[in-house]
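Here is the file coords.pdb (PDB, C-alpha atoms).
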ATOM      1  CA  MET A   1     -15.976  -8.833  45.433  1.00  0.00           C
ATOM      2  CA  LYS A   2     -17.444  -5.521  44.291  1.00  0.00           C
ATOM      3  CA  ARG A   3     -13.965  -4.149  43.619  1.00  0.00           C
ATOM      4  CA  ALA A   4     -13.071  -7.123  41.364  1.00  0.00           C
ATOM      5  CA  ALA A   5     -16.301  -6.659  39.382  1.00  0.00           C
ATOM      6  CA  LYS A   6     -15.579  -2.944  38.998  1.00  0.00           C
ATOM      7  CA  VAL A   7     -12.037  -3.644  37.744  1.00  0.00           C
ATOM      8  CA  ALA A   8     -13.323  -6.270  35.284  1.00  0.00           C
ATOM      9  CA  THR A   9     -15.958  -3.855  33.990  1.00  0.00           C
ATOM     10  CA  THR A  10     -13.346  -1.106  33.549  1.00  0.00           C
ATOM     11  CA  VAL A  11     -10.998  -3.453  31.679  1.00  0.00           C
ATOM     12  CA  LEU A  12     -13.857  -4.596  29.424  1.00  0.00           C
ATOM     13  CA  VAL A  13     -14.850  -1.004  28.628  1.00  0.00           C
ATOM     14  CA  VAL A  14     -11.234  -0.073  27.811  1.00  0.00           C
ATOM     15  CA  LEU A  15     -10.874  -3.126  25.531  1.00  0.00           C
ATOM     16  CA  LEU A  16     -14.142  -2.303  23.742  1.00  0.00           C
ATOM     17  CA  LEU A  17     -13.064   1.320  23.257  1.00  0.00           C
ATOM     18  CA  PHE A  18      -9.692   0.178  21.868  1.00  0.00           C
ATOM     19  CA  ALA A  19     -11.388  -2.315  19.515  1.00  0.00           C
ATOM     20  CA  GLY A  20     -13.743   0.430  18.313  1.00  0.00           C
ATOM     21  CA  TYR A  21     -10.790   2.761  17.720  1.00  0.00           C
ATOM     22  CA  LEU A  22      -8.950   0.067  15.725  1.00  0.00           C
ATOM     23  CA  TRP A  23     -12.040  -0.630  13.634  1.00  0.00           C
ATOM     24  CA  ALA A  24     -12.445   3.088  12.864  1.00  0.00           C
ATOM     25  CA  ALA A  25      -8.751   3.572  12.025  1.00  0.00           C
ATOM     26  CA  LEU A  26      -8.731   0.566   9.671  1.00  0.00           C
ATOM     27  CA  SER A  27     -12.006   1.362   7.913  1.00  0.00           C
ATOM     28  CA  TRP A  28     -11.569   5.126   7.492  1.00  0.00           C
ATOM     29  CA  ASN A  29      -9.198   6.550   4.861  1.00  0.00           C
ATOM     30  CA  TYR A  30      -7.436   9.854   5.314  1.00  0.00           C
ATOM     31  CA  SER A  31      -6.801   9.894   1.572  1.00  0.00           C
ATOM     32  CA  THR A  32      -6.954   7.651  -1.481  1.00  0.00           C
ATOM     33  CA  GLY A  33      -5.096   7.947  -4.739  1.00  0.00           C
ATOM     34  CA  GLU A  34      -2.796   6.473  -7.314  1.00  0.00           C
ATOM     35  CA  ARG A  35       0.942   6.896  -7.845  1.00  0.00           C
ATOM     36  CA  ALA A  36       3.024   5.736 -10.786  1.00  0.00           C
ATOM     37  CA  GLY A  37       6.655   4.738 -10.992  1.00  0.00           C
ATOM     38  CA  TRP A  38       8.988   1.744 -10.826  1.00  0.00           C
ATOM     39  CA  VAL A  39       8.867  -0.659  -7.881  1.00  0.00           C
ATOM     40  CA  GLN A  40      12.479  -1.151  -6.852  1.00  0.00           C
ATOM     41  CA  LYS A  41      12.124  -2.911  -3.486  1.00  0.00           C
ATOM     42  CA  PHE A  42       9.434  -5.296  -2.317  1.00  0.00           C
ATOM     43  CA  SER A  43       9.644  -7.855   0.463  1.00  0.00           C
ATOM     44  CA  LYS A  44       7.745  -9.501   3.302  1.00  0.00           C
ATOM     45  CA  LYS A  45       9.077  -8.169   6.612  1.00  0.00           C
ATOM     46  CA  GLY A  46       8.471  -8.341  10.338  1.00  0.00           C
ATOM     47  CA  TRP A  47       9.308 -10.360  13.426  1.00  0.00           C
ATOM     48  CA  LEU A  48       5.815 -11.339  14.490  1.00  0.00           C
ATOM     49  CA  CYS A  49       3.486  -9.441  12.179  1.00  0.00           C
ATOM     50  CA  LYS A  50       4.628 -10.084   8.610  1.00  0.00           C
ATOM     51  CA  THR A  51       3.638  -7.418   6.085  1.00  0.00           C
ATOM     52  CA  TRP A  52       4.662  -6.723   2.508  1.00  0.00           C
ATOM     53  CA  GLU A  53       6.721  -3.513   2.385  1.00  0.00           C
ATOM     54  CA  GLY A  54       7.835  -1.764  -0.773  1.00  0.00           C
ATOM     55  CA  GLU A  55       9.563   1.224  -2.258  1.00  0.00           C
ATOM     56  CA  MET A  56       8.681   2.808  -5.588  1.00  0.00           C
ATOM     57  CA  ALA A  57      10.775   5.387  -7.472  1.00  0.00           C
ATOM     58  CA  MET A  58       8.646   8.134  -9.006  1.00  0.00           C
ATOM     59  CA  VAL A  59      10.190  10.439 -11.613  1.00  0.00           C
ATOM     60  CA  ALA A  60       8.306  13.663 -12.305  1.00  0.00           C
ATOM     61  CA  MET A  61      10.438  14.768 -15.253  1.00  0.00           C
ATOM     62  CA  PRO A  62      13.321  13.096 -17.084  1.00  0.00           C
ATOM     63  CA  GLY A  63      16.628  14.017 -15.481  1.00  0.00           C
ATOM     64  CA  SER A  64      15.090  14.932 -12.122  1.00  0.00           C
ATOM     65  CA  THR A  65      15.850  13.142  -8.888  1.00  0.00           C
ATOM     66  CA  PRO A  66      13.312  10.379  -8.249  1.00  0.00           C
ATOM     67  CA  GLU A  67      11.013  10.735  -5.271  1.00  0.00           C
ATOM     68  CA  LYS A  68      10.495   7.545  -3.271  1.00  0.00           C
ATOM     69  CA  PHE A  69       7.043   6.287  -2.323  1.00  0.00           C
ATOM     70  CA  TYR A  70       7.084   3.821   0.573  1.00  0.00           C
ATOM     71  CA  PHE A  71       4.061   1.529   0.826  1.00  0.00           C
ATOM     72  CA  THR A  72       2.559  -1.476   2.601  1.00  0.00           C
ATOM     73  CA  VAL A  73       0.490  -4.301   1.092  1.00  0.00           C
ATOM     74  CA  ARG A  74      -1.827  -6.336   3.316  1.00  0.00           C
ATOM     75  CA  GLU A  75      -3.375  -8.672   0.723  1.00  0.00           C
ATOM     76  CA  ASP A  76      -1.277 -11.536  -0.669  1.00  0.00           C
ATOM     77  CA  ALA A  77      -3.058 -11.421  -4.056  1.00  0.00           C
ATOM     78  CA  VAL A  78      -2.013  -7.778  -4.559  1.00  0.00           C
ATOM     79  CA  ALA A  79       1.521  -8.595  -3.350  1.00  0.00           C
ATOM     80  CA  HIS A  80       1.858 -11.400  -5.907  1.00  0.00           C
ATOM     81  CA  ARG A  81       0.646  -9.068  -8.674  1.00  0.00           C
ATOM     82  CA  ILE A  82       3.286  -6.494  -7.665  1.00  0.00           C
ATOM     83  CA  ASN A  83       5.962  -9.201  -7.692  1.00  0.00           C
ATOM     84  CA  ASP A  84       4.918 -10.021 -11.268  1.00  0.00           C
ATOM     85  CA  VAL A  85       5.517  -6.432 -12.455  1.00  0.00           C
ATOM     86  CA  VAL A  86       8.661  -5.466 -10.492  1.00  0.00           C
ATOM     87  CA  GLY A  87      10.977  -3.581 -12.839  1.00  0.00           C
ATOM     88  CA  ARG A  88       8.159  -2.287 -15.053  1.00  0.00           C
ATOM     89  CA  ARG A  89       6.380   1.032 -14.747  1.00  0.00           C
ATOM     90  CA  VAL A  90       3.245   0.565 -12.671  1.00  0.00           C
ATOM     91  CA  ALA A  91       0.426   2.561 -11.127  1.00  0.00           C
ATOM     92  CA  LEU A  92      -0.393   1.685  -7.517  1.00  0.00           C
ATOM     93  CA  ALA A  93      -3.817   2.484  -6.062  1.00  0.00           C
ATOM     94  CA  TYR A  94      -3.535   3.177  -2.352  1.00  0.00           C
ATOM     95  CA  GLU A  95      -5.389   4.222   0.782  1.00  0.00           C
ATOM     96  CA  GLU A  96      -3.701   6.339   3.436  1.00  0.00           C
ATOM     97  CA  LYS A  97      -4.543   5.350   7.015  1.00  0.00           C
ATOM     98  CA  VAL A  98      -3.635   7.474  10.033  1.00  0.00           C
ATOM     99  CA  GLY A  99      -3.630   6.672  13.718  1.00  0.00           C
ATOM    100  CA  LEU A 100      -2.790   2.968  13.612  1.00  0.00           C
ATOM    101  CA  PRO A 101      -1.226   2.216  17.002  1.00  0.00           C
ATOM    102  CA  THR A 102       1.573  -0.206  16.084  1.00  0.00           C
ATOM    103  CA  SER A 103       3.741  -1.223  13.137  1.00  0.00           C
ATOM    104  CA  CYS A 104       1.994  -4.602  13.208  1.00  0.00           C
ATOM    105  CA  PHE A 105      -0.393  -3.233  10.555  1.00  0.00           C
ATOM    106  CA  GLY A 106       2.502  -2.069   8.368  1.00  0.00           C
ATOM    107  CA  ASP A 107       5.559   0.175   8.382  1.00  0.00           C
ATOM    108  CA  THR A 108       3.882   2.944   6.379  1.00  0.00           C
ATOM    109  CA  ARG A 109       0.614   4.860   6.256  1.00  0.00           C
ATOM    110  CA  HIS A 110       0.069   3.989   2.573  1.00  0.00           C
ATOM    111  CA  PHE A 111      -1.711   0.670   1.960  1.00  0.00           C
ATOM    112  CA  VAL A 112      -1.735  -0.473  -1.678  1.00  0.00           C
ATOM    113  CA  THR A 113      -5.046  -1.970  -2.792  1.00  0.00           C
ATOM    114  CA  GLY A 114      -4.423  -2.444  -6.519  1.00  0.00           C
ATOM    115  CA  VAL A 115      -1.747  -2.437  -9.192  1.00  0.00           C
ATOM    116  CA  ARG A 116      -1.679  -2.094 -12.942  1.00  0.00           C
ATOM    117  CA  ALA A 117       1.193  -1.987 -15.402  1.00  0.00           C
ATOM    118  CA  VAL A 118       1.453   1.235 -17.393  1.00  0.00           C
ATOM    119  CA  GLU A 119       2.078   0.815 -21.118  1.00  0.00           C
ATOM    120  CA  GLU A 120       3.098   4.359 -22.009  1.00  0.00           C
ATOM    121  CA  ILE A 121       5.350   6.794 -20.222  1.00  0.00           C
ATOM    122  CA  PRO A 122       4.360  10.478 -20.596  1.00  0.00           C
ATOM    123  CA  ILE A 123       7.507  12.582 -21.093  1.00  0.00           C
ATOM    124  CA  VAL A 124       5.931  16.041 -21.435  1.00  0.00           C
ATOM    125  CA  PRO A 125       2.373  17.011 -22.379  1.00  0.00           C
ATOM    126  CA  GLY A 126       1.714  15.575 -25.822  1.00  0.00           C
ATOM    127  CA  VAL A 127       4.865  13.414 -25.955  1.00  0.00           C
ATOM    128  CA  VAL A 128       4.566   9.771 -24.922  1.00  0.00           C
ATOM    129  CA  MET A 129       7.227   7.051 -24.923  1.00  0.00           C
ATOM    130  CA  PRO A 130       6.037   3.418 -25.129  1.00  0.00           C
ATOM    131  CA  ASN A 131       7.513   0.776 -22.843  1.00  0.00           C
ATOM    132  CA  PRO A 132      10.781  -0.698 -24.164  1.00  0.00           C
ATOM    133  CA  PRO A 133      10.491  -3.383 -26.870  1.00  0.00           C
ATOM    134  CA  GLY A 134      10.441  -6.933 -25.568  1.00  0.00           C
ATOM    135  CA  THR A 135       8.428  -5.959 -22.508  1.00  0.00           C
ATOM    136  CA  PRO A 136       5.728  -8.596 -22.029  1.00  0.00           C
ATOM    137  CA  PRO A 137       2.182  -7.355 -22.636  1.00  0.00           C
ATOM    138  CA  ASP A 138       0.050  -6.466 -19.659  1.00  0.00           C
ATOM    139  CA  PRO A 139      -2.335  -9.154 -18.436  1.00  0.00           C
ATOM    140  CA  PRO A 140      -5.992  -8.196 -18.600  1.00  0.00           C
ATOM    141  CA  PRO A 141      -7.184  -6.110 -15.627  1.00  0.00           C
ATOM    142  CA  GLU A 142      -8.559  -8.053 -12.695  1.00  0.00           C
ATOM    143  CA  HIS A 143     -12.212  -7.429 -11.930  1.00  0.00           C
ATOM    144  CA  PRO A 144     -13.736  -8.778  -8.724  1.00  0.00           C
ATOM    145  CA  GLN A 145     -16.769 -10.953  -9.388  1.00  0.00           C
TER     146      GLN A 145
END
Would you mind writing the file out in structure tokens?
Amino acid sequence: MKRAAKVATTVLVVLLLFAGYLWAALSWNYSTGERAGWVQKFSKKGWLCKTWEGEMAMVAMPGSTPEKFYFTVREDAVAHRINDVVGRRVALAYEEKVGLPTSCFGDTRHFVTGVRAVEEIPIVPGVVMPNPPGTPPDPPPEHPQ
């Protein structure tokens, strides 16, 4: 009987330690920032754990090869906002998480928390190109109440 109680206590301690680790990994950010570019892929993926996964092309200078930014979105409201602006230049606010144990939380380390359409495209310092004509105006920014 004592052995069974000892095993149960050990299992409980391990589960509590794992839960504490998960809480710390999900609440702590390695980095935060914003990246701008054009979202070219965005879909909900996964066998059991469905997450929104995307790919954004970032161009540093005209004529250069675009760098790809792979990202994950956990909130459906943010995912729907990204779907509304696919094909337009956007700025994505993100948090980088490290140490998550499985891909159930997402395929990437970059979790997008906000999105905004960008009206102007800076070409070089002092030279700005507006979005192409006929592009719908940006909706007002969303502010949490």
Would you give me, as a tab-separated table, each residue of segment 26-51 of chain A having an atom within 10 Å of an atom of segment 69-81 of chain A, along with its shortest atom pair and that distance in Å to one decimal, using only C-alpha atoms and sorting by chain and residue number?
residue	atom	partner	partner_atom	distance
A:Arg35	CA	A:Phe69	CA	8.3
A:Ala36	CA	A:Phe69	CA	9.4
A:Gly37	CA	A:Phe69	CA	8.8
A:Trp38	CA	A:Phe69	CA	9.8
A:Val39	CA	A:Phe69	CA	9.1
A:Lys41	CA	A:Tyr70	CA	9.3
A:Phe42	CA	A:Ala79	CA	8.6
A:Ser43	CA	A:Ala79	CA	9.0
A:Lys44	CA	A:Ala79	CA	9.2
A:Lys50	CA	A:Arg74	CA	9.2
A:Thr51	CA	A:Arg74	CA	6.2
For this session: Report as a ChimeraX atom specification the full result of the PyMOL selection byres ((chain A and resi 67) around 6) when it is applied to this structure.
Result: /A:57-58,66,68
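The nearest approach to Asp107 of chain A among the residues A:Cys49, A:Ala5, A:Val14, A:Ala19, with all atoms listed in the file taken into account, belongs to A:Cys49.
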For this session: Check which residues satisfy the PyMOL selection byres ((chain A and resi 109) around 12) in the file shown, then give them as a PyMOL selection string.
Result: chain A and resi 25-26+29-32+53+69-74+94-108+110-112
Six-sided padding of 5 Å per side, axis-aligned box over segment 49-65 of chain A, centre and edges in Å, one decimal, as JSON:
{"center_x": 10.1, "center_y": 2.4, "center_z": -2.5, "size_x": 23.1, "size_y": 35.0, "size_z": 39.3}
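Atom CA of Leu16 of chain A lies 18.3 Å from atom CA of Ala4 of chain A.
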Exercise. What separation in Å, quoted to one decimal, exists between atom CA of Arg88 of chain A and atom CA of Gly114 of chain A?
Worked result: 15.2 Å
For this session: To one decimal in Å, tell me the separation between atom CA of Val115 of chain A and atom CA of Trp28 of chain A.
Result: 20.8 Å
